[in-house]
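Student: I'm passing along final_7.cif; it holds mmCIF, C-alpha atoms.
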data_entry
#
loop_
_atom_site.group_PDB
_atom_site.id
_atom_site.type_symbol
_atom_site.label_atom_id
_atom_site.label_comp_id
_atom_site.auth_asym_id
_atom_site.auth_seq_id
_atom_site.Cartn_x
_atom_site.Cartn_y
_atom_site.Cartn_z
ATOM 1 C CA MET Q 1480 0.000 0.000 0.000
ATOM 2 C CA THR Q 1481 2.502 2.619 1.201
ATOM 3 C CA THR Q 1482 6.077 2.471 2.401
ATOM 4 C CA GLN Q 1483 6.528 2.462 6.151
ATOM 5 C CA PRO Q 1484 10.002 3.578 7.210
ATOM 6 C CA GLU Q 1485 11.154 4.461 10.711
ATOM 7 C CA LEU Q 1486 7.796 4.165 12.428
ATOM 8 C CA GLY Q 1487 6.325 1.597 10.032
ATOM 9 C CA ILE Q 1488 4.131 -1.197 11.386
ATOM 10 C CA ARG Q 1489 4.941 -4.334 9.389
ATOM 11 C CA ARG Q 1490 3.479 -6.965 11.716
ATOM 12 C CA GLU Q 1491 0.509 -7.399 13.997
ATOM 13 C CA LEU Q 1492 1.245 -5.784 17.355
ATOM 14 C CA SER Q 1493 0.374 -7.245 20.737
ATOM 15 C CA LEU Q 1494 -1.911 -5.290 23.056
ATOM 16 C CA GLY Q 1495 1.097 -3.969 24.958
ATOM 17 C CA ASP Q 1496 2.851 -2.973 21.735
ATOM 18 C CA VAL Q 1497 -0.254 -1.113 20.511
ATOM 19 C CA ILE Q 1498 -0.434 0.893 23.731
ATOM 20 C CA SER Q 1499 3.312 1.533 23.675
ATOM 21 C CA LYS Q 1500 3.267 2.676 20.042
ATOM 22 C CA THR Q 1501 0.299 4.952 20.767
ATOM 23 C CA PHE Q 1502 2.157 6.783 23.514
ATOM 24 C CA GLU Q 1503 5.332 6.853 21.419
ATOM 25 C CA LEU Q 1504 3.561 8.664 18.570
ATOM 26 C CA TYR Q 1505 1.850 10.966 21.064
ATOM 27 C CA ARG Q 1506 5.150 11.958 22.675
ATOM 28 C CA ARG Q 1507 6.883 12.526 19.339
ATOM 29 C CA ASP Q 1508 4.368 15.145 18.176
ATOM 30 C CA PHE Q 1509 2.712 16.162 21.437
ATOM 31 C CA THR Q 1510 2.606 19.858 20.517
ATOM 32 C CA LYS Q 1511 0.733 19.262 17.254
ATOM 33 C CA TYR Q 1512 -1.859 17.027 18.891
ATOM 34 C CA PHE Q 1513 -2.295 19.376 21.827
ATOM 35 C CA VAL Q 1514 -2.705 22.480 19.652
ATOM 36 C CA ILE Q 1515 -5.480 21.067 17.467
ATOM 37 C CA PHE Q 1516 -7.458 19.658 20.418
ATOM 38 C CA ALA Q 1517 -6.845 22.765 22.520
ATOM 39 C CA VAL Q 1518 -8.172 25.067 19.776
ATOM 40 C CA VAL Q 1519 -11.272 22.926 19.265
ATOM 41 C CA GLY Q 1520 -11.740 22.465 23.018
ATOM 42 C CA VAL Q 1521 -11.518 26.186 23.728
ATOM 43 C CA ILE Q 1522 -13.995 26.983 20.927
ATOM 44 C CA ILE Q 1523 -16.490 24.490 22.335
ATOM 45 C CA GLY Q 1524 -15.791 25.750 25.864
ATOM 46 C CA ILE Q 1525 -16.413 29.390 24.948
ATOM 47 C CA VAL Q 1526 -19.678 28.528 23.196
ATOM 48 C CA THR Q 1527 -20.735 26.414 26.184
ATOM 49 C CA ALA Q 1528 -19.955 29.220 28.653
ATOM 50 C CA LEU Q 1529 -21.820 31.805 26.554
ATOM 51 C CA ALA Q 1530 -24.769 29.464 26.083
ATOM 52 C CA ARG Q 1531 -25.043 28.981 29.852
ATOM 53 C CA LEU Q 1532 -25.135 32.750 30.308
ATOM 54 C CA VAL Q 1533 -27.760 33.276 27.608
ATOM 55 C CA PHE Q 1534 -29.998 30.275 28.223
ATOM 56 C CA VAL Q 1535 -30.293 30.410 31.988
ATOM 57 C CA LEU Q 1536 -32.228 27.474 33.387
ATOM 58 C CA PRO Q 1537 -35.071 28.723 35.628
ATOM 59 C CA THR Q 1538 -35.120 27.392 39.177
ATOM 60 C CA LEU Q 1539 -37.964 26.320 41.387
ATOM 61 C CA PRO Q 1540 -38.631 27.856 44.792
ATOM 62 C CA SER Q 1541 -38.397 25.691 47.896
ATOM 63 C CA ASN Q 1542 -41.468 23.504 48.422
ATOM 64 C CA PRO Q 1543 -43.101 24.509 45.116
ATOM 65 C CA THR Q 1544 -46.812 24.173 44.574
ATOM 66 C CA PRO Q 1545 -48.171 22.136 41.647
ATOM 67 C CA GLN Q 1546 -49.041 25.385 39.898
ATOM 68 C CA GLN Q 1547 -45.482 26.676 40.276
ATOM 69 C CA VAL Q 1548 -44.093 23.414 38.898
ATOM 70 C CA SER Q 1549 -46.525 23.620 35.977
ATOM 71 C CA ASN Q 1550 -45.437 27.174 35.193
ATOM 72 C CA TRP Q 1551 -41.729 26.362 35.629
ATOM 73 C CA PHE Q 1552 -41.460 23.219 33.508
ATOM 74 C CA PRO Q 1553 -42.082 24.665 29.987
ATOM 75 C CA GLY Q 1554 -39.501 27.430 30.526
ATOM 76 C CA PHE Q 1555 -36.985 24.985 31.954
ATOM 77 C CA LEU Q 1556 -37.476 22.494 29.118
ATOM 78 C CA GLY Q 1557 -37.221 25.184 26.441
ATOM 79 C CA ALA Q 1558 -34.005 26.648 27.868
ATOM 80 C CA LEU Q 1559 -32.521 23.167 28.331
ATOM 81 C CA VAL Q 1560 -33.261 22.146 24.735
ATOM 82 C CA LEU Q 1561 -31.693 25.339 23.374
ATOM 83 C CA LEU Q 1562 -28.635 25.000 25.617
ATOM 84 C CA VAL Q 1563 -28.008 21.329 24.862
ATOM 85 C CA GLY Q 1564 -28.818 21.776 21.176
ATOM 86 C CA LEU Q 1565 -26.334 24.608 20.696
ATOM 87 C CA ILE Q 1566 -23.552 22.770 22.518
ATOM 88 C CA PHE Q 1567 -24.304 19.601 20.556
ATOM 89 C CA ILE Q 1568 -24.174 21.363 17.186
ATOM 90 C CA VAL Q 1569 -20.854 23.065 17.942
ATOM 91 C CA THR Q 1570 -19.381 19.813 19.249
ATOM 92 C CA VAL Q 1571 -20.537 17.836 16.204
ATOM 93 C CA VAL Q 1572 -19.070 20.458 13.861
ATOM 94 C CA PHE Q 1573 -15.658 20.886 15.489
ATOM 95 C CA SER Q 1574 -14.839 17.608 17.281
ATOM 96 C CA PRO Q 1575 -14.545 15.553 14.053
ATOM 97 C CA ILE Q 1576 -11.937 18.035 12.833
ATOM 98 C CA ALA Q 1577 -9.746 17.305 15.855
ATOM 99 C CA GLN Q 1578 -10.362 13.549 15.713
ATOM 100 C CA GLY Q 1579 -9.727 13.301 11.983
ATOM 101 C CA THR Q 1580 -6.652 15.509 12.132
ATOM 102 C CA ALA Q 1581 -5.160 13.344 14.895
ATOM 103 C CA ILE Q 1582 -5.740 10.199 12.822
ATOM 104 C CA LYS Q 1583 -4.164 11.817 9.767
ATOM 105 C CA LEU Q 1584 -1.187 13.067 11.803
ATOM 106 C CA ALA Q 1585 -0.607 9.619 13.297
ATOM 107 C CA SER Q 1586 -0.936 8.008 9.862
ATOM 108 C CA GLU Q 1587 1.648 10.369 8.393
ATOM 109 C CA GLN Q 1588 3.986 9.656 11.313
ATOM 110 C CA ILE Q 1589 3.662 5.913 10.783
ATOM 111 C CA GLU Q 1590 4.011 5.981 7.022
ATOM 112 C CA LYS Q 1591 6.539 8.808 6.573
ATOM 113 C CA GLY Q 1592 8.094 9.467 9.977
ATOM 114 C CA HIS Q 1593 6.822 13.070 10.048
ATOM 115 C CA ALA Q 1594 3.501 14.935 9.809
ATOM 116 C CA ASP Q 1595 2.280 18.430 8.934
ATOM 117 C CA ILE Q 1596 -0.598 19.784 10.994
ATOM 118 C CA GLY Q 1597 -1.772 22.237 8.327
ATOM 119 C CA THR Q 1598 -2.018 19.554 5.656
ATOM 120 C CA SER Q 1599 -3.777 17.194 8.062
ATOM 121 C CA VAL Q 1600 -6.357 19.808 9.062
ATOM 122 C CA ARG Q 1601 -7.119 20.742 5.455
ATOM 123 C CA PHE Q 1602 -7.495 17.102 4.462
ATOM 124 C CA THR Q 1603 -9.842 16.411 7.385
ATOM 125 C CA VAL Q 1604 -12.001 19.441 6.609
ATOM 126 C CA SER Q 1605 -12.309 18.237 3.010
ATOM 127 C CA LYS Q 1606 -13.690 14.918 4.337
ATOM 128 C CA LEU Q 1607 -16.095 16.382 6.914
ATOM 129 C CA LEU Q 1608 -19.282 15.427 5.090
ATOM 130 C CA SER Q 1609 -18.138 11.808 4.859
ATOM 131 C CA ILE Q 1610 -17.041 11.834 8.512
ATOM 132 C CA TRP Q 1611 -20.437 13.170 9.626
ATOM 133 C CA ALA Q 1612 -22.279 10.611 7.494
ATOM 134 C CA LEU Q 1613 -20.160 7.766 8.876
ATOM 135 C CA SER Q 1614 -20.653 8.979 12.466
ATOM 136 C CA ILE Q 1615 -24.423 9.147 12.020
ATOM 137 C CA VAL Q 1616 -24.749 5.706 10.414
ATOM 138 C CA VAL Q 1617 -22.457 3.941 12.898
ATOM 139 C CA GLY Q 1618 -23.920 5.882 15.845
ATOM 140 C CA VAL Q 1619 -27.498 4.921 14.986
ATOM 141 C CA ILE Q 1620 -26.580 1.255 14.493
ATOM 142 C CA VAL Q 1621 -24.653 1.042 17.777
ATOM 143 C CA ILE Q 1622 -27.355 2.902 19.742
ATOM 144 C CA PHE Q 1623 -30.059 0.548 18.483
ATOM 145 C CA GLY Q 1624 -27.816 -2.372 19.405
ATOM 146 C CA LEU Q 1625 -27.363 -1.015 22.921
ATOM 147 C CA ILE Q 1626 -31.092 -0.403 23.306
ATOM 148 C CA ALA Q 1627 -31.989 -3.904 22.120
ATOM 149 C CA LEU Q 1628 -29.326 -5.647 24.207
ATOM 150 C CA ILE Q 1629 -26.086 -4.178 25.533
ATOM 151 C CA VAL Q 1630 -23.832 -6.939 24.182
ATOM 152 C CA PRO Q 1631 -24.894 -6.549 20.517
ATOM 153 C CA GLY Q 1632 -24.268 -2.824 20.836
ATOM 154 C CA LEU Q 1633 -20.743 -3.450 22.097
ATOM 155 C CA ILE Q 1634 -20.086 -5.951 19.308
ATOM 156 C CA LEU Q 1635 -21.292 -3.477 16.685
ATOM 157 C CA GLY Q 1636 -19.143 -0.743 18.227
ATOM 158 C CA ILE Q 1637 -16.085 -2.984 18.015
ATOM 159 C CA MET Q 1638 -16.995 -4.121 14.506
ATOM 160 C CA PHE Q 1639 -17.050 -0.576 13.123
ATOM 161 C CA SER Q 1640 -14.374 0.896 15.400
ATOM 162 C CA LEU Q 1641 -11.815 1.234 12.606
ATOM 163 C CA ALA Q 1642 -14.214 2.681 10.026
ATOM 164 C CA LEU Q 1643 -13.002 6.257 10.542
ATOM 165 C CA PRO Q 1644 -9.288 5.445 10.053
ATOM 166 C CA VAL Q 1645 -10.239 3.450 6.944
ATOM 167 C CA LEU Q 1646 -12.267 6.363 5.567
ATOM 168 C CA LEU Q 1647 -9.410 8.829 6.075
ATOM 169 C CA ILE Q 1648 -6.409 6.638 5.259
ATOM 170 C CA GLU Q 1649 -7.780 4.462 2.466
ATOM 171 C CA ASN Q 1650 -10.172 7.151 1.155
ATOM 172 C CA LYS Q 1651 -13.129 4.770 1.001
ATOM 173 C CA GLY Q 1652 -16.845 5.533 1.154
ATOM 174 C CA VAL Q 1653 -18.988 5.203 4.279
ATOM 175 C CA LEU Q 1654 -20.305 1.686 3.668
ATOM 176 C CA GLU Q 1655 -16.969 0.481 2.284
ATOM 177 C CA SER Q 1656 -15.213 1.808 5.397
ATOM 178 C CA MET Q 1657 -17.641 -0.060 7.648
ATOM 179 C CA GLY Q 1658 -17.119 -3.301 5.730
ATOM 180 C CA ARG Q 1659 -13.356 -2.872 5.763
ATOM 181 C CA SER Q 1660 -13.399 -2.217 9.514
ATOM 182 C CA ARG Q 1661 -15.314 -5.429 10.083
ATOM 183 C CA LYS Q 1662 -12.660 -7.335 8.132
ATOM 184 C CA LEU Q 1663 -9.797 -5.680 9.991
ATOM 185 C CA VAL Q 1664 -11.090 -6.575 13.470
ATOM 186 C CA GLY Q 1665 -12.293 -10.042 12.431
ATOM 187 C CA HIS Q 1666 -10.998 -12.829 14.704
ATOM 188 C CA ARG Q 1667 -9.667 -10.145 17.082
ATOM 189 C CA TRP Q 1668 -12.866 -9.194 18.942
ATOM 190 C CA LEU Q 1669 -11.559 -9.753 22.471
ATOM 191 C CA LYS Q 1670 -8.206 -8.126 21.727
ATOM 192 C CA THR Q 1671 -9.966 -5.114 20.210
ATOM 193 C CA PHE Q 1672 -12.221 -4.740 23.242
ATOM 194 C CA ALA Q 1673 -9.295 -5.079 25.659
ATOM 195 C CA THR Q 1674 -7.184 -2.574 23.724
ATOM 196 C CA PHE Q 1675 -9.891 0.085 23.711
ATOM 197 C CA LEU Q 1676 -10.762 -0.633 27.355
ATOM 198 C CA VAL Q 1677 -7.211 0.032 28.579
ATOM 199 C CA VAL Q 1678 -6.971 3.441 26.912
ATOM 200 C CA SER Q 1679 -10.581 4.277 27.839
ATOM 201 C CA ILE Q 1680 -9.758 3.770 31.509
ATOM 202 C CA VAL Q 1681 -6.808 6.159 31.204
ATOM 203 C CA ILE Q 1682 -9.018 8.735 29.484
ATOM 204 C CA ILE Q 1683 -11.853 8.361 32.028
ATOM 205 C CA VAL Q 1684 -9.473 8.899 34.952
ATOM 206 C CA ALA Q 1685 -7.897 11.925 33.268
ATOM 207 C CA SER Q 1686 -11.339 13.310 32.405
ATOM 208 C CA ALA Q 1687 -12.501 12.990 36.002
ATOM 209 C CA ILE Q 1688 -9.464 14.925 37.223
ATOM 210 C CA VAL Q 1689 -9.952 17.674 34.630
ATOM 211 C CA SER Q 1690 -13.684 17.932 35.421
ATOM 212 C CA ALA Q 1691 -12.929 18.257 39.128
ATOM 213 C CA ILE Q 1692 -10.528 21.124 38.422
ATOM 214 C CA SER Q 1693 -12.715 22.968 35.905
ATOM 215 C CA GLY Q 1694 -15.805 22.523 38.084
ATOM 216 C CA LEU Q 1695 -14.303 24.898 40.635
ATOM 217 C CA LEU Q 1696 -13.893 27.727 38.125
ATOM 218 C CA GLY Q 1697 -17.501 28.734 37.500
ATOM 219 C CA VAL Q 1698 -18.174 30.418 34.163
ATOM 220 C CA ALA Q 1699 -14.583 29.879 33.007
ATOM 221 C CA GLY Q 1700 -14.858 26.155 33.748
ATOM 222 C CA PRO Q 1701 -15.867 24.985 30.233
ATOM 223 C CA VAL Q 1702 -12.974 26.892 28.630
ATOM 224 C CA VAL Q 1703 -10.432 25.481 31.095
ATOM 225 C CA ASP Q 1704 -11.950 22.030 30.661
ATOM 226 C CA GLY Q 1705 -11.527 22.276 26.879
ATOM 227 C CA LEU Q 1706 -7.914 23.356 27.267
ATOM 228 C CA LEU Q 1707 -6.910 20.694 29.794
ATOM 229 C CA SER Q 1708 -8.816 17.970 27.959
ATOM 230 C CA ALA Q 1709 -6.502 18.510 24.990
ATOM 231 C CA ILE Q 1710 -3.810 16.734 27.008
ATOM 232 C CA TYR Q 1711 -5.525 13.335 26.902
ATOM 233 C CA GLN Q 1712 -8.087 13.497 24.079
ATOM 234 C CA PRO Q 1713 -5.590 12.752 21.256
ATOM 235 C CA LEU Q 1714 -4.842 9.321 22.732
ATOM 236 C CA PHE Q 1715 -7.907 7.549 21.355
ATOM 237 C CA PRO Q 1716 -7.643 8.613 17.695
ATOM 238 C CA ILE Q 1717 -3.911 7.808 17.790
ATOM 239 C CA LEU Q 1718 -4.769 4.390 19.239
ATOM 240 C CA LEU Q 1719 -7.307 3.816 16.444
ATOM 241 C CA THR Q 1720 -4.637 4.598 13.856
ATOM 242 C CA VAL Q 1721 -2.012 2.330 15.398
ATOM 243 C CA TYR Q 1722 -4.524 -0.486 15.760
ATOM 244 C CA TYR Q 1723 -5.636 0.021 12.158
ATOM 245 C CA TYR Q 1724 -2.068 -0.435 10.874
ATOM 246 C CA SER Q 1725 -1.510 -3.390 13.196
ATOM 247 C CA ASN Q 1726 -4.528 -5.202 11.775
ATOM 248 C CA LEU Q 1727 -3.675 -4.096 8.251
ATOM 249 C CA ALA Q 1728 -0.292 -5.786 8.632
ATOM 250 C CA ARG Q 1729 -2.058 -8.917 9.864
ATOM 251 C CA ILE Q 1730 -4.364 -9.302 6.860
ATOM 252 C CA THR Q 1731 -2.021 -7.980 4.146
ATOM 253 C CA PRO Q 1732 0.321 -10.617 2.658
ATOM 254 C CA LEU Q 1733 3.969 -9.695 2.337
ATOM 255 C CA PRO Q 1734 5.241 -9.142 -1.235
ATOM 256 C CA ALA Q 1735 6.606 -12.363 -2.731
ATOM 257 C CA ASP Q 1736 10.161 -11.026 -2.968
ATOM 258 C CA GLN Q 1737 10.175 -10.076 0.731
ATOM 259 C CA VAL Q 1738 8.857 -13.486 1.769
ATOM 260 C CA GLN Q 1739 11.464 -15.246 -0.388
ATOM 261 C CA THR Q 1740 14.284 -13.084 0.976
ATOM 262 C CA ALA Q 1741 13.168 -13.657 4.550
ATOM 263 C CA GLN Q 1742 12.906 -17.406 4.034
ATOM 264 C CA THR Q 1743 16.369 -17.563 2.463
ATOM 265 C CA THR Q 1744 17.895 -15.499 5.262
ATOM 266 C CA THR Q 1745 16.507 -17.675 8.038
ATOM 267 C CA ALA Q 1746 16.662 -21.081 6.372
ATOM 268 C CA GLN Q 1747 19.828 -22.133 8.161
ATOM 269 C CA ALA Q 1748 18.465 -20.981 11.508
ATOM 270 C CA GLY Q 1749 15.688 -23.571 11.373
ATOM 271 C CA MET Q 1750 12.996 -20.923 10.914
ATOM 272 C CA LYS Q 1751 10.518 -20.014 8.194
ATOM 273 C CA PHE Q 1752 7.976 -17.281 7.476
ATOM 274 C CA CYS Q 1753 4.242 -17.486 6.885
ATOM 275 C CA PRO Q 1754 3.613 -16.677 3.187
ATOM 276 C CA THR Q 1755 0.336 -14.948 4.108
ATOM 277 C CA CYS Q 1756 1.218 -12.583 6.949
ATOM 278 C CA GLY Q 1757 5.020 -12.904 7.195
ATOM 279 C CA THR Q 1758 5.096 -14.121 10.815
ATOM 280 C CA GLN Q 1759 8.322 -15.926 11.729
ATOM 281 C CA LEU Q 1760 7.701 -19.597 12.602
ATOM 282 C CA VAL Q 1761 9.701 -22.665 13.536
ATOM 283 C CA SER Q 1762 10.510 -24.878 10.559
ATOM 284 C CA SER Q 1763 8.252 -27.679 11.845
ATOM 285 C CA ALA Q 1764 5.116 -25.487 12.021
ATOM 286 C CA THR Q 1765 2.167 -26.682 9.921
ATOM 287 C CA SER Q 1766 0.024 -23.578 10.380
ATOM 288 C CA CYS Q 1767 0.557 -19.925 11.315
ATOM 289 C CA PHE Q 1768 -0.338 -19.070 14.900
ATOM 290 C CA GLN Q 1769 -1.086 -15.440 13.899
ATOM 291 C CA CYS Q 1770 -3.366 -15.720 10.859
ATOM 292 C CA GLY Q 1771 -4.174 -19.460 10.882
ATOM 293 C CA ALA Q 1772 -2.913 -20.038 7.333
ATOM 294 C CA ARG Q 1773 -1.952 -23.649 6.585
ATOM 295 C CA LEU Q 1774 1.665 -24.164 5.519
ATOM 296 C CA ASN Q 1775 2.965 -26.544 2.918
#
Could I get this file's structure written as structure tokens?
Tutor:
Amino acid sequence: MTTQPELGIRRELSLGDVISKTFELYRRDFTKYFVIFAVVGVIIGIVTALARLVFVLPTLPSNPTPQQVSNWFPGFLGALVLLVGLIFIVTVVFSPIAQGTAIKLASEQIEKGHADIGTSVRFTVSKLLSIWALSIVVGVIVIFGLIALIVPGLILGIMFSLALPVLLIENKGVLESMGRSRKLVGHRWLKTFATFLVVSIVIIVASAIVSAISGLLGVAGPVVDGLLSAIYQPLFPILLTVYYYSNLARITPLPADQVQTAQTTTAQAGMKFCPTCGTQLVSSATSCFQCGARLN
């Protein structure tokens, strides 16, 4: 597909390697990731703070009468809908830019060893309509799965978890990206769940700390929250990108010349390589423990 030099991922990574590679990429270009998420976070924070000032939620007096509750509820509901709606719209518009840019940055790091934030932002903006469409389709499917039974919802979430990296990296359509994601995570359901769970726990803990800090700052809280959240929010899209390349390496056969060279190099060491995924195996192996391919 593309050459993968210094940071290239040429084999399927273990869970620990995926996490390690995620933090490695994050450290290498921390400033770029932080800037894009900080800008988006501050924009959302400012809009949230202004919305709270404009759409003030009415309060009930102590021990309200039924009549007071009846008079209060329509005003409360109207203000709440406007407040939540405005915040939701701004978040939906700007958050995909940060998420997509982080995926593109990580992809460029992996494939080329360097990344340009301006190019990544422009590319992501050009794909916004596709990103929104993909988010809506996958979101609706997963939500219905969660409503029906929680487990199917989780399975669907895992199944389509790599659709966004596919859309941005392979430049596929919405439905093609979903199908490709399903293929990439196939036979790796538990590993995929465990990988996302580990990073999710880190993000949840960090989010709780940031919320506790910003909650003490009143009106300025949402802005501070958006700024501090930029420290940990890039982790998940970077993880998605690393995991995408890890699974891509698993299902993509090595070129014939590379397999032949590798087999020749290790022949005298009593080792051989899987012709499908390139995994190094002992000479007596009859099948590949990584991809399951049968060996001659």
Student: Restrict the calculation to all atoms listed in the file, then for each residue of segment 1641-1709 of chain Q with any atom at most 9 Å from an atom of segment 1564-1582 of chain Q give the closest atom pair and their distance in Å to one decimal, rows by chain and rising residue number, as CSV.
Tutor:
residue,atom,partner,partner_atom,distance
Q:Leu1643,CA,Q:Gly1579,CA,7.9
Q:Pro1644,CA,Q:Ile1582,CA,6.5
Q:Leu1647,CA,Q:Gly1579,CA,7.4
Q:Ile1648,CA,Q:Ile1582,CA,8.4
Student: What is the atom CA of Leu1584 of chain Q-atom CA of Ser1725 of chain Q distance in Å, reported with one decimal?
Tutor: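 That distance, rounded to one decimal, is 16.5 Å.
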Student: With distances taken over all atoms listed in the file, which of Q:Trp1611, Q:Phe1534, Q:Tyr1724, Q:Phe1715 is nearest to Glu1587 of chain Q?
Tutor: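 For Glu1587 of chain Q, the nearest of the given residues is Q:Tyr1724.
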Student: In Å, how far is it from atom CA of Val1630 of chain Q to atom CA of Leu1718 of chain Q?
Tutor: 22.7 Å
Student: I would like the residues chosen by the PyMOL selection byres ((chain Q and resi 1674) around 9) on the shown file; could you give them as a PyMOL selection string?
Tutor: chain Q and resi 1494-1495+1497-1498+1669-1673+1675-1679+1718+1722
Student: Name the residues within 9 Å of (0.5, 9.8, 21.6), counting only C-alpha atoms in the file's coordinates, and put them as an MDAnalysis selection string.
Tutor: chainID Q and resid 1499:1509 1512 1585 1711 1713:1715 1717:1718
Student: For each of Q:Thr1720, Q:Asn1726, Q:Gln1712, Q:Ser1766, take the minimum atom-to-atom distance to Phe1513 of chain Q, counting only C-alpha atoms, then give the residue where this is smallest.
Tutor: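 Ranked by minimum distance to Phe1513 of chain Q, first place goes to Q:Gln1712.
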Student: Quick check on the file I pasted: which residues fall under the PyMOL selection byres ((chain Q and resi 1598) around 12)? Write them as a PDB file with C-alpha atoms, keeping the file's coordinate frame.
Tutor:
ATOM      1  CA  LYS Q1511       0.733  19.262  17.254  1.00  0.00           C
ATOM      2  CA  GLY Q1579      -9.727  13.301  11.983  1.00  0.00           C
ATOM      3  CA  THR Q1580      -6.652  15.509  12.132  1.00  0.00           C
ATOM      4  CA  ALA Q1581      -5.160  13.344  14.895  1.00  0.00           C
ATOM      5  CA  LYS Q1583      -4.164  11.817   9.767  1.00  0.00           C
ATOM      6  CA  LEU Q1584      -1.187  13.067  11.803  1.00  0.00           C
ATOM      7  CA  GLU Q1587       1.648  10.369   8.393  1.00  0.00           C
ATOM      8  CA  HIS Q1593       6.822  13.070  10.048  1.00  0.00           C
ATOM      9  CA  ALA Q1594       3.501  14.935   9.809  1.00  0.00           C
ATOM     10  CA  ASP Q1595       2.280  18.430   8.934  1.00  0.00           C
ATOM     11  CA  ILE Q1596      -0.598  19.784  10.994  1.00  0.00           C
ATOM     12  CA  GLY Q1597      -1.772  22.237   8.327  1.00  0.00           C
ATOM     13  CA  SER Q1599      -3.777  17.194   8.062  1.00  0.00           C
ATOM     14  CA  VAL Q1600      -6.357  19.808   9.062  1.00  0.00           C
ATOM     15  CA  ARG Q1601      -7.119  20.742   5.455  1.00  0.00           C
ATOM     16  CA  PHE Q1602      -7.495  17.102   4.462  1.00  0.00           C
ATOM     17  CA  THR Q1603      -9.842  16.411   7.385  1.00  0.00           C
ATOM     18  CA  VAL Q1604     -12.001  19.441   6.609  1.00  0.00           C
ATOM     19  CA  SER Q1605     -12.309  18.237   3.010  1.00  0.00           C
TER      20      SER Q1605
END
Student: Could you give me, as number ranges by chain, the residues within 8 Å of Ala1528 of chain Q, counting only C-alpha atoms and dropping anything in the same chain fewer than 6 positions from it?
Tutor: Q: 1698-1702
Student: To one decimal in Å, tell me the separation between atom CA of Val1617 of chain Q and atom CA of Val1721 of chain Q.
Tutor: 20.7 Å
Student: So which one's closest to Phe1639 of chain Q, Q:Ser1708, Q:Ser1690, Q:Asn1550, Q:Ser1614? Using only C-alpha atoms, please.
Tutor: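 Nearest candidate to Phe1639 of chain Q out of Q:Ser1708, Q:Ser1690, Q:Asn1550, Q:Ser1614: Q:Ser1614.
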Student: Residues within 9 Å of segment 1538-1541 of chain Q, please, as a count of residues only. Count only C-alpha atoms; anything in the same chain fewer than 4 positions from it doesn't count.
Tutor: 4
Student: Quick one: of Q:Ala1764, Q:Ile1523, Q:Val1664, Q:Ile1710, who's nearest to Ile1682 of chain Q, counting all atoms listed in the file?
Tutor: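 Among the listed residues, the smallest separation from Ile1682 of chain Q belongs to Q:Ile1710.
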